[in-house]
$ cat final-v7.cif   # mmCIF, C-alpha atoms and all ligand atoms
data_work
loop_
_atom_site.label_atom_id
_atom_site.label_comp_id
_atom_site.auth_asym_id
_atom_site.auth_seq_id
_atom_site.Cartn_x
_atom_site.Cartn_y
_atom_site.Cartn_z
CA MET W 118 -52.02 33.52 -12.49
CA TYR W 119 -48.95 34.48 -14.53
CA SER W 120 -47.56 31.38 -16.23
CA ASP W 121 -44.19 33.04 -17.02
CA LEU W 122 -43.42 33.14 -13.27
CA ASN W 123 -43.57 29.34 -12.95
CA GLY W 124 -40.15 28.05 -11.76
CA LYS W 125 -38.55 31.52 -11.57
CA VAL W 126 -36.40 32.50 -8.60
CA ALA W 127 -36.94 35.52 -6.33
CA VAL W 128 -35.37 37.07 -3.26
CA VAL W 129 -37.99 38.74 -1.06
CA THR W 130 -36.67 40.61 1.99
CA GLY W 131 -38.71 40.72 5.21
CA ALA W 132 -41.00 37.87 4.15
CA SER W 133 -41.44 36.34 7.60
CA LYS W 134 -44.59 38.43 8.23
CA GLY W 135 -46.87 41.19 6.95
CA ILE W 136 -46.76 42.35 3.34
CA GLY W 137 -43.57 40.37 2.64
CA GLN W 138 -45.19 37.13 3.74
CA ALA W 139 -48.28 37.86 1.62
CA ILE W 140 -46.00 38.46 -1.38
CA ALA W 141 -44.14 35.21 -0.69
CA ILE W 142 -47.42 33.25 -0.53
CA ARG W 143 -48.71 34.88 -3.72
CA LEU W 144 -45.45 34.10 -5.57
CA ALA W 145 -45.59 30.55 -4.18
CA LYS W 146 -49.03 30.20 -5.79
CA GLU W 147 -47.29 31.21 -9.04
CA HIS W 148 -44.93 28.26 -8.39
CA MET W 149 -41.85 30.40 -7.84
CA LYS W 150 -38.76 29.50 -5.80
CA LEU W 151 -38.00 31.98 -3.04
CA VAL W 152 -35.15 33.04 -0.81
CA PHE W 153 -36.10 35.27 2.09
CA ASN W 154 -34.30 36.60 5.12
CA TYR W 155 -35.10 36.52 8.79
CA ASN W 156 -33.53 38.54 11.60
CA SER W 157 -33.46 36.19 14.60
CA ASP W 158 -36.61 34.03 14.59
CA ALA W 159 -35.31 30.83 12.95
CA LYS W 160 -38.39 28.85 14.03
CA GLY W 161 -40.77 31.46 12.56
CA ALA W 162 -38.74 31.45 9.36
CA GLN W 163 -39.02 27.66 9.09
CA LYS W 164 -42.81 27.98 9.50
CA ALA W 165 -42.83 30.51 6.63
CA VAL W 166 -40.83 28.06 4.47
CA GLU W 167 -43.48 25.39 5.11
CA LEU W 168 -46.26 27.87 4.31
CA ILE W 169 -44.63 28.71 0.98
CA LYS W 170 -44.21 25.01 0.14
CA ASP W 171 -47.86 24.34 1.09
CA ASN W 172 -48.88 27.04 -1.39
CA GLY W 173 -47.04 25.48 -4.34
CA GLY W 174 -43.65 27.16 -4.19
CA ASP W 175 -40.23 26.31 -2.81
CA ALA W 176 -38.25 28.38 -0.30
CA VAL W 177 -35.07 28.79 1.69
CA ALA W 178 -34.77 31.10 4.70
CA VAL W 179 -31.44 32.80 5.40
CA GLN W 180 -30.46 34.78 8.48
CA ALA W 181 -29.60 38.25 7.15
CA ASP W 182 -29.70 41.90 8.19
CA ILE W 183 -30.54 43.76 5.00
CA SER W 184 -28.52 46.79 6.10
CA SER W 185 -25.34 44.65 5.94
CA GLU W 186 -23.74 44.31 2.50
CA SER W 187 -22.20 40.90 3.21
CA ASP W 188 -25.53 39.55 4.53
CA VAL W 189 -27.29 40.78 1.38
CA LYS W 190 -24.67 39.07 -0.81
CA ASP W 191 -25.47 35.84 1.10
CA LEU W 192 -29.04 36.08 -0.21
CA VAL W 193 -27.82 36.11 -3.83
CA GLU W 194 -25.57 33.14 -3.12
CA ALA W 195 -28.46 31.28 -1.49
CA ALA W 196 -30.62 31.83 -4.59
CA VAL W 197 -27.91 30.58 -6.93
CA SER W 198 -26.73 27.64 -4.79
CA ASN W 199 -30.27 26.40 -3.99
CA PHE W 200 -32.17 27.26 -7.15
CA GLY W 201 -29.50 27.89 -9.83
CA GLU W 202 -30.43 31.47 -10.78
CA LEU W 203 -32.07 34.76 -9.84
CA ASP W 204 -34.87 36.50 -11.77
CA LEU W 205 -36.52 38.90 -9.34
CA TRP W 206 -35.51 40.89 -6.26
CA ILE W 207 -38.07 42.51 -3.94
CA ASN W 208 -36.77 44.99 -1.34
CA ASN W 209 -39.70 44.81 1.08
CA ALA W 210 -38.15 44.83 4.58
CA GLY W 211 -38.75 48.04 6.46
CA MET W 212 -39.30 49.60 9.86
CA GLU W 213 -40.66 52.74 11.51
CA ASN W 214 -40.84 54.36 14.94
CA LYS W 215 -42.79 57.39 16.08
CA VAL W 216 -40.74 60.28 17.47
CA HIS W 217 -40.78 64.07 17.15
CA THR W 218 -37.92 65.25 14.95
CA HIS W 219 -36.47 67.60 17.56
CA GLU W 220 -36.23 64.64 19.97
CA MET W 221 -35.04 62.05 17.45
CA ALA W 222 -31.78 60.38 18.45
CA LEU W 223 -29.21 60.18 15.68
CA GLU W 224 -29.28 56.37 16.17
CA ASP W 225 -33.05 56.33 15.44
CA TRP W 226 -32.54 58.30 12.23
CA GLN W 227 -29.60 56.12 11.15
CA LYS W 228 -31.41 52.85 11.86
CA VAL W 229 -34.50 53.71 9.80
CA ILE W 230 -32.40 55.04 6.91
CA ALA W 231 -30.12 51.96 7.12
CA VAL W 232 -32.98 49.46 6.88
CA ASN W 233 -35.41 51.27 4.57
CA LEU W 234 -33.09 53.14 2.20
CA THR W 235 -29.62 51.61 2.46
CA GLY W 236 -31.25 48.15 2.55
CA ALA W 237 -33.00 48.92 -0.76
CA PHE W 238 -29.70 50.17 -2.21
CA LEU W 239 -27.77 47.07 -1.10
CA GLY W 240 -30.44 44.69 -2.40
CA THR W 241 -30.67 46.56 -5.70
CA LYS W 242 -26.88 46.62 -6.08
CA ALA W 243 -26.57 42.88 -5.40
CA ALA W 244 -29.35 42.07 -7.86
CA LEU W 245 -27.94 44.40 -10.55
CA ASN W 246 -24.53 42.75 -10.30
CA TYR W 247 -26.08 39.30 -10.73
CA PHE W 248 -28.25 40.43 -13.67
CA LEU W 249 -25.35 42.21 -15.43
CA ASP W 250 -22.83 39.39 -14.86
CA ASN W 251 -25.32 36.85 -16.22
CA SER W 252 -26.81 39.02 -19.02
CA ARG W 253 -30.27 38.69 -17.48
CA HIS W 254 -33.40 40.78 -18.09
CA GLY W 255 -33.78 41.43 -14.36
CA ASN W 256 -36.66 42.77 -12.36
CA ILE W 257 -36.46 44.76 -9.09
CA ILE W 258 -39.41 45.89 -6.96
CA ASN W 259 -38.91 48.31 -4.06
CA MET W 260 -41.48 48.86 -1.30
CA SER W 261 -41.93 52.56 -0.70
CA SER W 262 -45.06 54.03 0.95
CA VAL W 263 -47.69 56.73 0.48
CA HIS W 264 -45.22 58.64 2.66
CA ASP W 265 -42.89 58.94 -0.32
CA THR W 266 -45.29 61.77 -1.19
CA ILE W 267 -47.50 62.52 1.88
CA PRO W 268 -45.56 64.26 4.68
CA TRP W 269 -45.82 62.38 8.01
CA PRO W 270 -45.01 64.39 11.15
CA THR W 271 -43.28 62.36 13.91
CA PHE W 272 -42.02 59.94 11.23
CA SER W 273 -39.64 62.29 9.35
CA HIS W 274 -36.90 59.63 9.10
CA TYR W 275 -39.43 57.16 7.61
CA ALA W 276 -40.80 59.71 5.12
CA ALA W 277 -37.24 60.70 4.12
CA SER W 278 -36.31 57.03 3.60
CA LYS W 279 -39.38 56.29 1.45
CA GLY W 280 -39.03 59.48 -0.61
CA GLY W 281 -35.43 58.38 -1.13
CA VAL W 282 -36.50 54.89 -2.21
CA LYS W 283 -38.79 56.41 -4.88
CA MET W 284 -36.15 58.68 -6.42
CA PHE W 285 -33.47 56.00 -6.09
CA SER W 286 -35.72 53.54 -7.96
CA GLU W 287 -36.51 56.02 -10.76
CA THR W 288 -32.81 56.79 -11.18
CA VAL W 289 -31.78 53.14 -11.30
CA ALA W 290 -34.65 52.36 -13.71
CA LEU W 291 -33.26 54.98 -16.11
CA GLU W 292 -29.66 53.86 -15.57
CA TYR W 293 -30.35 50.22 -16.54
CA ALA W 294 -33.33 50.45 -18.93
CA LYS W 295 -31.11 49.69 -21.95
CA LYS W 296 -29.98 46.50 -20.18
CA ASN W 297 -33.64 45.40 -19.94
CA ILE W 298 -33.58 45.58 -16.16
CA ARG W 299 -36.87 46.96 -14.81
CA VAL W 300 -37.14 48.77 -11.47
CA ASN W 301 -40.50 49.77 -9.97
CA CYS W 302 -41.94 50.77 -6.59
CA ILE W 303 -45.09 49.78 -4.79
CA ALA W 304 -46.40 52.44 -2.38
CA PRO W 305 -48.88 50.94 0.10
CA GLY W 306 -51.28 53.06 2.12
CA ALA W 307 -52.68 51.74 5.42
CA ILE W 308 -52.34 47.96 5.34
CA ASN W 309 -53.24 45.59 8.17
CA THR W 310 -49.86 44.08 9.18
CA PRO W 311 -47.81 43.66 12.38
CA ILE W 312 -46.16 47.09 11.77
CA ASN W 313 -49.61 48.64 12.48
CA ALA W 314 -50.88 46.07 15.00
CA GLU W 315 -50.69 48.33 18.04
CA LYS W 316 -52.26 51.29 16.23
CA PHE W 317 -55.12 49.29 14.72
CA ALA W 318 -55.85 47.49 18.02
CA ASP W 319 -57.06 50.88 19.32
CA PRO W 320 -60.57 51.45 17.81
CA GLU W 321 -60.12 55.23 17.87
CA GLN W 322 -56.87 55.11 15.89
CA TYR W 323 -58.32 52.51 13.50
CA GLU W 324 -61.28 54.82 12.81
CA GLN W 325 -58.97 57.84 12.45
CA THR W 326 -56.87 56.04 9.81
CA THR W 327 -59.93 54.73 7.94
CA LYS W 328 -61.19 58.34 7.62
CA LEU W 329 -58.05 59.11 5.57
CA VAL W 330 -58.99 56.44 3.01
CA PRO W 331 -61.62 57.35 0.37
CA MET W 332 -62.44 53.64 -0.06
CA ASP W 333 -63.28 53.63 3.65
CA ARG W 334 -61.29 50.60 4.74
CA ILE W 335 -57.80 49.41 5.67
CA GLY W 336 -56.02 47.38 2.96
CA LYS W 337 -55.09 43.70 3.05
CA PRO W 338 -51.50 42.47 2.53
CA SER W 339 -52.80 40.23 -0.29
CA GLU W 340 -53.92 43.36 -2.18
CA VAL W 341 -50.32 44.61 -2.19
CA ALA W 342 -49.06 41.13 -3.10
CA ALA W 343 -51.34 41.06 -6.18
CA VAL W 344 -49.60 44.18 -7.52
CA ALA W 345 -46.17 42.68 -6.77
CA ALA W 346 -47.09 39.55 -8.78
CA TRP W 347 -48.21 41.68 -11.74
CA LEU W 348 -45.02 43.77 -11.63
CA ALA W 349 -43.00 40.54 -11.39
CA SER W 350 -44.69 39.06 -14.45
CA ASN W 351 -44.25 39.76 -18.15
CA GLU W 352 -47.73 41.33 -18.17
CA SER W 353 -45.97 44.50 -16.98
CA SER W 354 -43.06 44.14 -19.44
CA TYR W 355 -43.15 47.82 -20.60
CA VAL W 356 -43.41 49.30 -17.08
CA THR W 357 -40.28 50.69 -15.45
CA GLY W 358 -39.46 53.57 -13.12
CA ASP W 359 -43.06 53.67 -11.91
CA THR W 360 -44.62 53.77 -8.47
CA ILE W 361 -47.98 52.06 -8.04
CA TYR W 362 -50.00 53.38 -5.09
CA VAL W 363 -52.01 50.63 -3.38
CA ASP W 364 -53.83 52.91 -0.97
CA GLY W 365 -57.62 52.94 -1.49
CA GLY W 366 -57.22 56.51 -2.76
CA MET W 367 -55.28 57.89 0.23
CA THR W 368 -53.04 59.99 -2.04
CA LEU W 369 -56.08 61.64 -3.75
CA TYR W 370 -56.45 64.48 -1.21
CA PRO W 371 -59.60 62.99 0.46
CA GLU W 372 -60.32 66.30 2.20
CA PHE W 373 -61.40 67.64 -1.23
CA GLU W 374 -64.15 65.01 -1.54
CA GLU W 375 -67.51 66.30 -2.77
CA GLY W 376 -66.03 69.51 -4.15
CA LYS W 377 -64.79 70.90 -0.82
CA GLY W 378 -62.07 73.51 -0.94
P1 LIG X 1 -43.83 44.29 9.18
O1 LIG X 1 -43.25 44.94 10.37
O2 LIG X 1 -45.02 43.43 9.33
O3 LIG X 1 -42.69 43.47 8.42
C1 LIG X 1 -41.43 44.06 8.17
C2 LIG X 1 -40.45 42.98 7.77
O4 LIG X 1 -39.16 43.59 7.60
C3 LIG X 1 -40.30 41.89 8.83
O5 LIG X 1 -40.24 40.62 8.19
C4 LIG X 1 -38.96 42.22 9.49
O6 LIG X 1 -38.29 41.08 10.00
C5 LIG X 1 -38.19 42.80 8.29
N1 LIG X 1 -37.05 43.61 8.73
C6 LIG X 1 -37.06 44.73 9.49
N2 LIG X 1 -35.80 45.15 9.70
C7 LIG X 1 -34.96 44.30 9.06
C8 LIG X 1 -33.56 44.20 8.88
N3 LIG X 1 -32.70 45.08 9.42
N4 LIG X 1 -33.07 43.18 8.15
C9 LIG X 1 -33.90 42.29 7.62
N5 LIG X 1 -35.24 42.31 7.72
C10 LIG X 1 -35.76 43.31 8.44
O7 LIG X 1 -44.15 45.48 8.13
P2 LIG X 1 -45.09 45.50 6.83
O8 LIG X 1 -46.24 46.33 7.14
O9 LIG X 1 -45.27 44.14 6.27
O10 LIG X 1 -44.14 46.37 5.88
C11 LIG X 1 -43.45 45.86 4.77
C12 LIG X 1 -42.96 47.03 3.94
O11 LIG X 1 -44.07 47.80 3.49
C13 LIG X 1 -42.05 47.99 4.70
O12 LIG X 1 -41.03 48.48 3.86
C14 LIG X 1 -43.00 49.12 5.09
O13 LIG X 1 -42.35 50.34 5.29
C15 LIG X 1 -43.90 49.15 3.86
N6 LIG X 1 -45.20 49.79 4.10
C16 LIG X 1 -46.10 49.22 4.95
C17 LIG X 1 -47.33 49.86 5.14
C18 LIG X 1 -48.39 49.30 6.04
O14 LIG X 1 -49.40 49.98 6.27
N7 LIG X 1 -48.25 48.11 6.58
C19 LIG X 1 -47.61 51.06 4.48
C20 LIG X 1 -46.65 51.59 3.63
C21 LIG X 1 -45.45 50.95 3.44
#
$ encode --input "final-v7.cif" --output "structure tokens"
Amino acid sequence: MYSDLNGKVAVVTGASKGIGQAIAIRLAKEHMKLVFNYNSDAKGAQKAVELIKDNGGDAVAVQADISSESDVKDLVEAAVSNFGELDLWINNAGMENKVHTHEMALEDWQKVIAVNLTGAFLGTKAALNYFLDNSRHGNIINMSSVHDTIPWPTFSHYAASKGGVKMFSETVALEYAKKNIRVNCIAPGAINTPINAEKFADPEQYEQTTKLVPMDRIGKPSEVAAVAAWLASNESSYVTGDTIYVDGGMTLYPEFEEGKG
């Protein structure tokens, strides 16, 4: 537990399921107040609000597409009007779809870049403006992926977006370090969430993915959320511009295990 998080206010995008929901629950256990967005499932969002309250936090769900600047501004306003301030912004929402690059429709490319990269830019911009206008020591966490460094054929738009998120975050961290605004990334490996549900339902694909992980297992959303809570807290007060890989060693070139190569 991180006592400095008690009562603080966060926006977490894409918190209706998966890693975002695990982060919301973990921050609720730290007694934080949360604003999160949902796309269309108002009922599901209300369930998530109840879940957060049951875990010791408070929450408001707002309908917002994170690739729309005005929708993202609504999230800041919701934080301020419901909870009086904003301390932390987590750009978690993301999407992917499998397609060979030579067959990729321009719309596919644009959609993934709009949600994963432009969404992170819009969220970061909105948070920066709040922190600067209110002379706050702000904190921003962006969800990248092991594919900010590992190439991923048939997901070139996704890999490009996550590589972009990493360099964007490092640049913004440097740009605002003197204002005491921290910006870091979390790069998950293979985590068991709805984004992977179809893939992991197939035992062959599950096994294939596990083989890429030196720790020999798929990760849990709560293991990513634990890193988010640490980055959110003052325990990480001297950490900025970093990317923490939560991947069971996936980025360690597992094919070189036992001295191969
Ligand atoms: P998920 O599909 O379970 O959840 C994604 C969330 O993003 C959902 O709440 C969805 O509603 C939201 N979202 C998507 N498009 C949106 C939009 N336009 N506007 C607002 N919200 C939108 O996925 P997840 O596995 O929980 O992934 C969360 C983040 O972690 C993503 O950025 C993803 O790229 C990243 N990631 C996941 C894994 C993994 O193995 N699960 C690995 C690496 C990185």
$ atom_distance --input "final-v7.cif" --atom1 "atom CA of W:Gly306" --atom2 "atom CA of W:Tyr362"
7.3 Å
$ closest_atom_pairs --input "final-v7.cif" --of "chain W" --to "ligand LIG 1 (chain X)" --cutoff "6 Å" --atoms "all atoms listed in the file" --output "tab-separated table"
residue	atom	partner	partner_atom	distance
W:Gly131	CA	X:LIG1	O5	3.4
W:Ala132	CA	X:LIG1	O5	4.9
W:Ser133	CA	X:LIG1	O5	4.5
W:Lys134	CA	X:LIG1	O5	4.9
W:Gly135	CA	X:LIG1	O9	3.4
W:Ile136	CA	X:LIG1	O9	3.7
W:Gly137	CA	X:LIG1	O9	5.5
W:Tyr155	CA	X:LIG1	O6	5.7
W:Asn156	CA	X:LIG1	C9	5.5
W:Ala181	CA	X:LIG1	C9	5.9
W:Asp182	CA	X:LIG1	N4	3.6
W:Ile183	CA	X:LIG1	N4	4.1
W:Ser184	CA	X:LIG1	N3	5.6
W:Asn209	CA	X:LIG1	O12	4.8
W:Ala210	CA	X:LIG1	O4	3.4
W:Gly211	CA	X:LIG1	O12	3.5
W:Met212	CA	X:LIG1	C6	5.4
W:Val232	CA	X:LIG1	N3	5.1
W:Met260	CA	X:LIG1	O12	5.2
W:Ser261	CA	X:LIG1	C21	5.7
W:Ser262	CA	X:LIG1	C20	4.0
W:Pro305	CA	X:LIG1	C20	4.2
W:Gly306	CA	X:LIG1	C19	4.8
W:Ala307	CA	X:LIG1	O14	3.8
W:Ile308	CA	X:LIG1	O14	3.7
W:Asn309	CA	X:LIG1	N7	5.8
W:Thr310	CA	X:LIG1	O8	4.7
W:Pro311	CA	X:LIG1	O2	4.1
W:Ile312	CA	X:LIG1	O1	3.9
$ residues_around --input "final-v7.cif" --residues "stretch 186-191 of chain W" --least-positions-apart "4" --cutoff "12 Å" --atoms "only C-alpha atoms" --output "ChimeraX atom specification"
/W:128-130,152-156,177-182,195-199,206,208,231-232,235-247
$ write_last_selection --input "final-v7.cif" --atoms "C-alpha atoms" --output "PDB file, in the coordinates of the input"
ATOM      1  CA  VAL W 128     -35.370  37.070  -3.260  1.00  0.00           C
ATOM      2  CA  VAL W 129     -37.990  38.740  -1.060  1.00  0.00           C
ATOM      3  CA  THR W 130     -36.670  40.610   1.990  1.00  0.00           C
ATOM      4  CA  VAL W 152     -35.150  33.040  -0.810  1.00  0.00           C
ATOM      5  CA  PHE W 153     -36.100  35.270   2.090  1.00  0.00           C
ATOM      6  CA  ASN W 154     -34.300  36.600   5.120  1.00  0.00           C
ATOM      7  CA  TYR W 155     -35.100  36.520   8.790  1.00  0.00           C
ATOM      8  CA  ASN W 156     -33.530  38.540  11.600  1.00  0.00           C
ATOM      9  CA  VAL W 177     -35.070  28.790   1.690  1.00  0.00           C
ATOM     10  CA  ALA W 178     -34.770  31.100   4.700  1.00  0.00           C
ATOM     11  CA  VAL W 179     -31.440  32.800   5.400  1.00  0.00           C
ATOM     12  CA  GLN W 180     -30.460  34.780   8.480  1.00  0.00           C
ATOM     13  CA  ALA W 181     -29.600  38.250   7.150  1.00  0.00           C
ATOM     14  CA  ASP W 182     -29.700  41.900   8.190  1.00  0.00           C
ATOM     15  CA  ALA W 195     -28.460  31.280  -1.490  1.00  0.00           C
ATOM     16  CA  ALA W 196     -30.620  31.830  -4.590  1.00  0.00           C
ATOM     17  CA  VAL W 197     -27.910  30.580  -6.930  1.00  0.00           C
ATOM     18  CA  SER W 198     -26.730  27.640  -4.790  1.00  0.00           C
ATOM     19  CA  ASN W 199     -30.270  26.400  -3.990  1.00  0.00           C
ATOM     20  CA  TRP W 206     -35.510  40.890  -6.260  1.00  0.00           C
ATOM     21  CA  ASN W 208     -36.770  44.990  -1.340  1.00  0.00           C
ATOM     22  CA  ALA W 231     -30.120  51.960   7.120  1.00  0.00           C
ATOM     23  CA  VAL W 232     -32.980  49.460   6.880  1.00  0.00           C
ATOM     24  CA  THR W 235     -29.620  51.610   2.460  1.00  0.00           C
ATOM     25  CA  GLY W 236     -31.250  48.150   2.550  1.00  0.00           C
ATOM     26  CA  ALA W 237     -33.000  48.920  -0.760  1.00  0.00           C
ATOM     27  CA  PHE W 238     -29.700  50.170  -2.210  1.00  0.00           C
ATOM     28  CA  LEU W 239     -27.770  47.070  -1.100  1.00  0.00           C
ATOM     29  CA  GLY W 240     -30.440  44.690  -2.400  1.00  0.00           C
ATOM     30  CA  THR W 241     -30.670  46.560  -5.700  1.00  0.00           C
ATOM     31  CA  LYS W 242     -26.880  46.620  -6.080  1.00  0.00           C
ATOM     32  CA  ALA W 243     -26.570  42.880  -5.400  1.00  0.00           C
ATOM     33  CA  ALA W 244     -29.350  42.070  -7.860  1.00  0.00           C
ATOM     34  CA  LEU W 245     -27.940  44.400 -10.550  1.00  0.00           C
ATOM     35  CA  ASN W 246     -24.530  42.750 -10.300  1.00  0.00           C
ATOM     36  CA  TYR W 247     -26.080  39.300 -10.730  1.00  0.00           C
TER      37      TYR W 247
END
$ residues_around --input "final-v7.cif" --residues "W:Ile230" --least-positions-apart "5" --cutoff "8 Å" --atoms "only C-alpha atoms" --output "list in words"
Thr235, His274, Tyr275, Ala277 and Ser278 of chain W
$ write_last_selection --input "final-v7.cif" --atoms "C-alpha atoms" --output "PDB file, keeping the file's coordinate frame"
ATOM      1  CA  THR W 235     -29.620  51.610   2.460  1.00  0.00           C
ATOM      2  CA  HIS W 274     -36.900  59.630   9.100  1.00  0.00           C
ATOM      3  CA  TYR W 275     -39.430  57.160   7.610  1.00  0.00           C
ATOM      4  CA  ALA W 277     -37.240  60.700   4.120  1.00  0.00           C
ATOM      5  CA  SER W 278     -36.310  57.030   3.600  1.00  0.00           C
TER       6      SER W 278
END
$ residues_around --input "final-v7.cif" --residues "stretch 340-346 of chain W" --least-positions-apart "3" --cutoff "7 Å" --atoms "all atoms listed in the file" --output "PyMOL selection string"
chain W and resi 136+139-140+143-144+305+336-337+349-350+363
$ atom_distance --input "final-v7.cif" --atom1 "atom CA of W:Glu352" --atom2 "atom CA of W:Ala145"
17.8 Å
$ atom_distance --input "final-v7.cif" --atom1 "atom CA of W:Phe285" --atom2 "atom CA of W:Val229"
16.1 Å
$ closest_residue --input "final-v7.cif" --among "W:Ile207, W:Gly124, W:His219, W:Asn214" --to "W:Gly174" --atoms "all atoms listed in the file"
W:Gly124
$ closest_residue --input "final-v7.cif" --among "W:Lys328, W:Trp226, W:Ser339, W:Gly280" --to "W:Ile142" --atoms "only C-alpha atoms"
W:Ser339
$ residues_near_point --input "final-v7.cif" --point "(-39.3, 24.5, 5.8)" --cutoff "12 Å" --atoms "only C-alpha atoms" --output "ChimeraX atom specification"
/W:151-153,159-171,174-179
$ closest_residue --input "final-v7.cif" --among "W:Leu348, W:Met149, W:Met221, W:Met332" --to "W:Val300" --atoms "all atoms listed in the file"
W:Leu348
$ closest_residue --input "final-v7.cif" --among "W:Phe373, W:Tyr323, W:Trp269, W:Tyr119" --to "W:His148" --atoms "all atoms listed in the file"
W:Tyr119
$ closest_residue --input "final-v7.cif" --among "W:Pro371, W:Gly358, W:Gly365, W:Gly173" --to "W:Ser286" --atoms "all atoms listed in the file"
W:Gly358
$ residues_around --input "final-v7.cif" --residues "W:Glu374" --least-positions-apart "3" --cutoff "12 Å" --atoms "only C-alpha atoms" --output "list in words"
Lys328, Leu329, Val330, Pro331, Met332, Gly366, Met367, Leu369, Tyr370, Pro371, Lys377 and Gly378 of chain W
$ write_last_selection --input "final-v7.cif" --atoms "C-alpha atoms" --output "PDB file, keeping the file's coordinate frame"
ATOM      1  CA  LYS W 328     -61.190  58.340   7.620  1.00  0.00           C
ATOM      2  CA  LEU W 329     -58.050  59.110   5.570  1.00  0.00           C
ATOM      3  CA  VAL W 330     -58.990  56.440   3.010  1.00  0.00           C
ATOM      4  CA  PRO W 331     -61.620  57.350   0.370  1.00  0.00           C
ATOM      5  CA  MET W 332     -62.440  53.640  -0.060  1.00  0.00           C
ATOM      6  CA  GLY W 366     -57.220  56.510  -2.760  1.00  0.00           C
ATOM      7  CA  MET W 367     -55.280  57.890   0.230  1.00  0.00           C
ATOM      8  CA  LEU W 369     -56.080  61.640  -3.750  1.00  0.00           C
ATOM      9  CA  TYR W 370     -56.450  64.480  -1.210  1.00  0.00           C
ATOM     10  CA  PRO W 371     -59.600  62.990   0.460  1.00  0.00           C
ATOM     11  CA  LYS W 377     -64.790  70.900  -0.820  1.00  0.00           C
ATOM     12  CA  GLY W 378     -62.070  73.510  -0.940  1.00  0.00           C
TER      13      GLY W 378
END
$ residues_near_point --input "final-v7.cif" --point "(-38.2, 33.0, -17.7)" --cutoff "12 Å" --atoms "all atoms listed in the file" --output "list in words"
Tyr119, Ser120, Asp121, Leu122, Asn123, Gly124, Lys125, Val126, Ala127, Met149, Glu202, Leu203, Asp204, Leu205, Arg253, His254, Gly255, Asn256, Ala349, Ser350 and Asn351 of chain W
$ closest_residue --input "final-v7.cif" --among "W:Val282, W:Pro268, W:Tyr355, W:Gly201" --to "W:Leu234" --atoms "all atoms listed in the file"
W:Val282
$ axis_aligned_box --input "final-v7.cif" --around "stretch 229-236 of chain W" --padding-each-side "3 Å" --output "JSON"
{"center_x": -32.5, "center_y": 51.6, "center_z": 6.0, "size_x": 11.8, "size_y": 12.9, "size_z": 13.6}
$ decode --input "final-v7.cif" --residues "stretch 130-143 of chain W" --atoms "N, CA and C atoms" --output "PDB file, in the first residue's frame"
ATOM      1  N   THR W 130      -7.734   5.610 -18.648  1.00  0.00           N
ATOM      2  CA  THR W 130      -8.516   5.335 -19.861  1.00  0.00           C
ATOM      3  C   THR W 130      -8.619   3.823 -20.070  1.00  0.00           C
ATOM      4  N   GLY W 131      -9.739   3.400 -20.661  1.00  0.00           N
ATOM      5  CA  GLY W 131      -9.952   1.978 -20.966  1.00  0.00           C
ATOM      6  C   GLY W 131      -9.982   1.111 -19.719  1.00  0.00           C
ATOM      7  N   ALA W 132     -10.670   1.581 -18.672  1.00  0.00           N
ATOM      8  CA  ALA W 132     -10.663   0.838 -17.399  1.00  0.00           C
ATOM      9  C   ALA W 132     -11.887  -0.055 -17.229  1.00  0.00           C
ATOM     10  N   SER W 133     -12.664  -0.238 -18.316  1.00  0.00           N
ATOM     11  CA  SER W 133     -13.863  -1.063 -18.167  1.00  0.00           C
ATOM     12  C   SER W 133     -13.535  -2.550 -18.195  1.00  0.00           C
ATOM     13  N   LYS W 134     -12.309  -2.904 -18.628  1.00  0.00           N
ATOM     14  CA  LYS W 134     -11.915  -4.324 -18.650  1.00  0.00           C
ATOM     15  C   LYS W 134     -10.389  -4.437 -18.686  1.00  0.00           C
ATOM     16  N   GLY W 135      -9.911  -5.686 -18.642  1.00  0.00           N
ATOM     17  CA  GLY W 135      -8.495  -5.975 -18.854  1.00  0.00           C
ATOM     18  C   GLY W 135      -7.551  -5.279 -17.887  1.00  0.00           C
ATOM     19  N   ILE W 136      -6.406  -4.855 -18.422  1.00  0.00           N
ATOM     20  CA  ILE W 136      -5.367  -4.230 -17.591  1.00  0.00           C
ATOM     21  C   ILE W 136      -5.892  -2.957 -16.944  1.00  0.00           C
ATOM     22  N   GLY W 137      -6.674  -2.170 -17.705  1.00  0.00           N
ATOM     23  CA  GLY W 137      -7.209  -0.912 -17.159  1.00  0.00           C
ATOM     24  C   GLY W 137      -8.081  -1.162 -15.942  1.00  0.00           C
ATOM     25  N   GLN W 138      -8.912  -2.195 -16.027  1.00  0.00           N
ATOM     26  CA  GLN W 138      -9.778  -2.492 -14.873  1.00  0.00           C
ATOM     27  C   GLN W 138      -8.946  -2.954 -13.668  1.00  0.00           C
ATOM     28  N   ALA W 139      -7.909  -3.754 -13.936  1.00  0.00           N
ATOM     29  CA  ALA W 139      -7.040  -4.194 -12.829  1.00  0.00           C
ATOM     30  C   ALA W 139      -6.347  -2.996 -12.188  1.00  0.00           C
ATOM     31  N   ILE W 140      -5.938  -2.032 -13.006  1.00  0.00           N
ATOM     32  CA  ILE W 140      -5.306  -0.822 -12.457  1.00  0.00           C
ATOM     33  C   ILE W 140      -6.321  -0.054 -11.605  1.00  0.00           C
ATOM     34  N   ALA W 141      -7.542   0.068 -12.140  1.00  0.00           N
ATOM     35  CA  ALA W 141      -8.581   0.807 -11.394  1.00  0.00           C
ATOM     36  C   ALA W 141      -8.845   0.147 -10.039  1.00  0.00           C
ATOM     37  N   ILE W 142      -8.916  -1.176 -10.022  1.00  0.00           N
ATOM     38  CA  ILE W 142      -9.178  -1.881  -8.752  1.00  0.00           C
ATOM     39  C   ILE W 142      -8.007  -1.692  -7.792  1.00  0.00           C
ATOM     40  N   ARG W 143      -6.772  -1.777  -8.334  1.00  0.00           N
ATOM     41  CA  ARG W 143      -5.600  -1.606  -7.463  1.00  0.00           C
ATOM     42  C   ARG W 143      -5.570  -0.180  -6.883  1.00  0.00           C
TER      43      ARG W 143
END
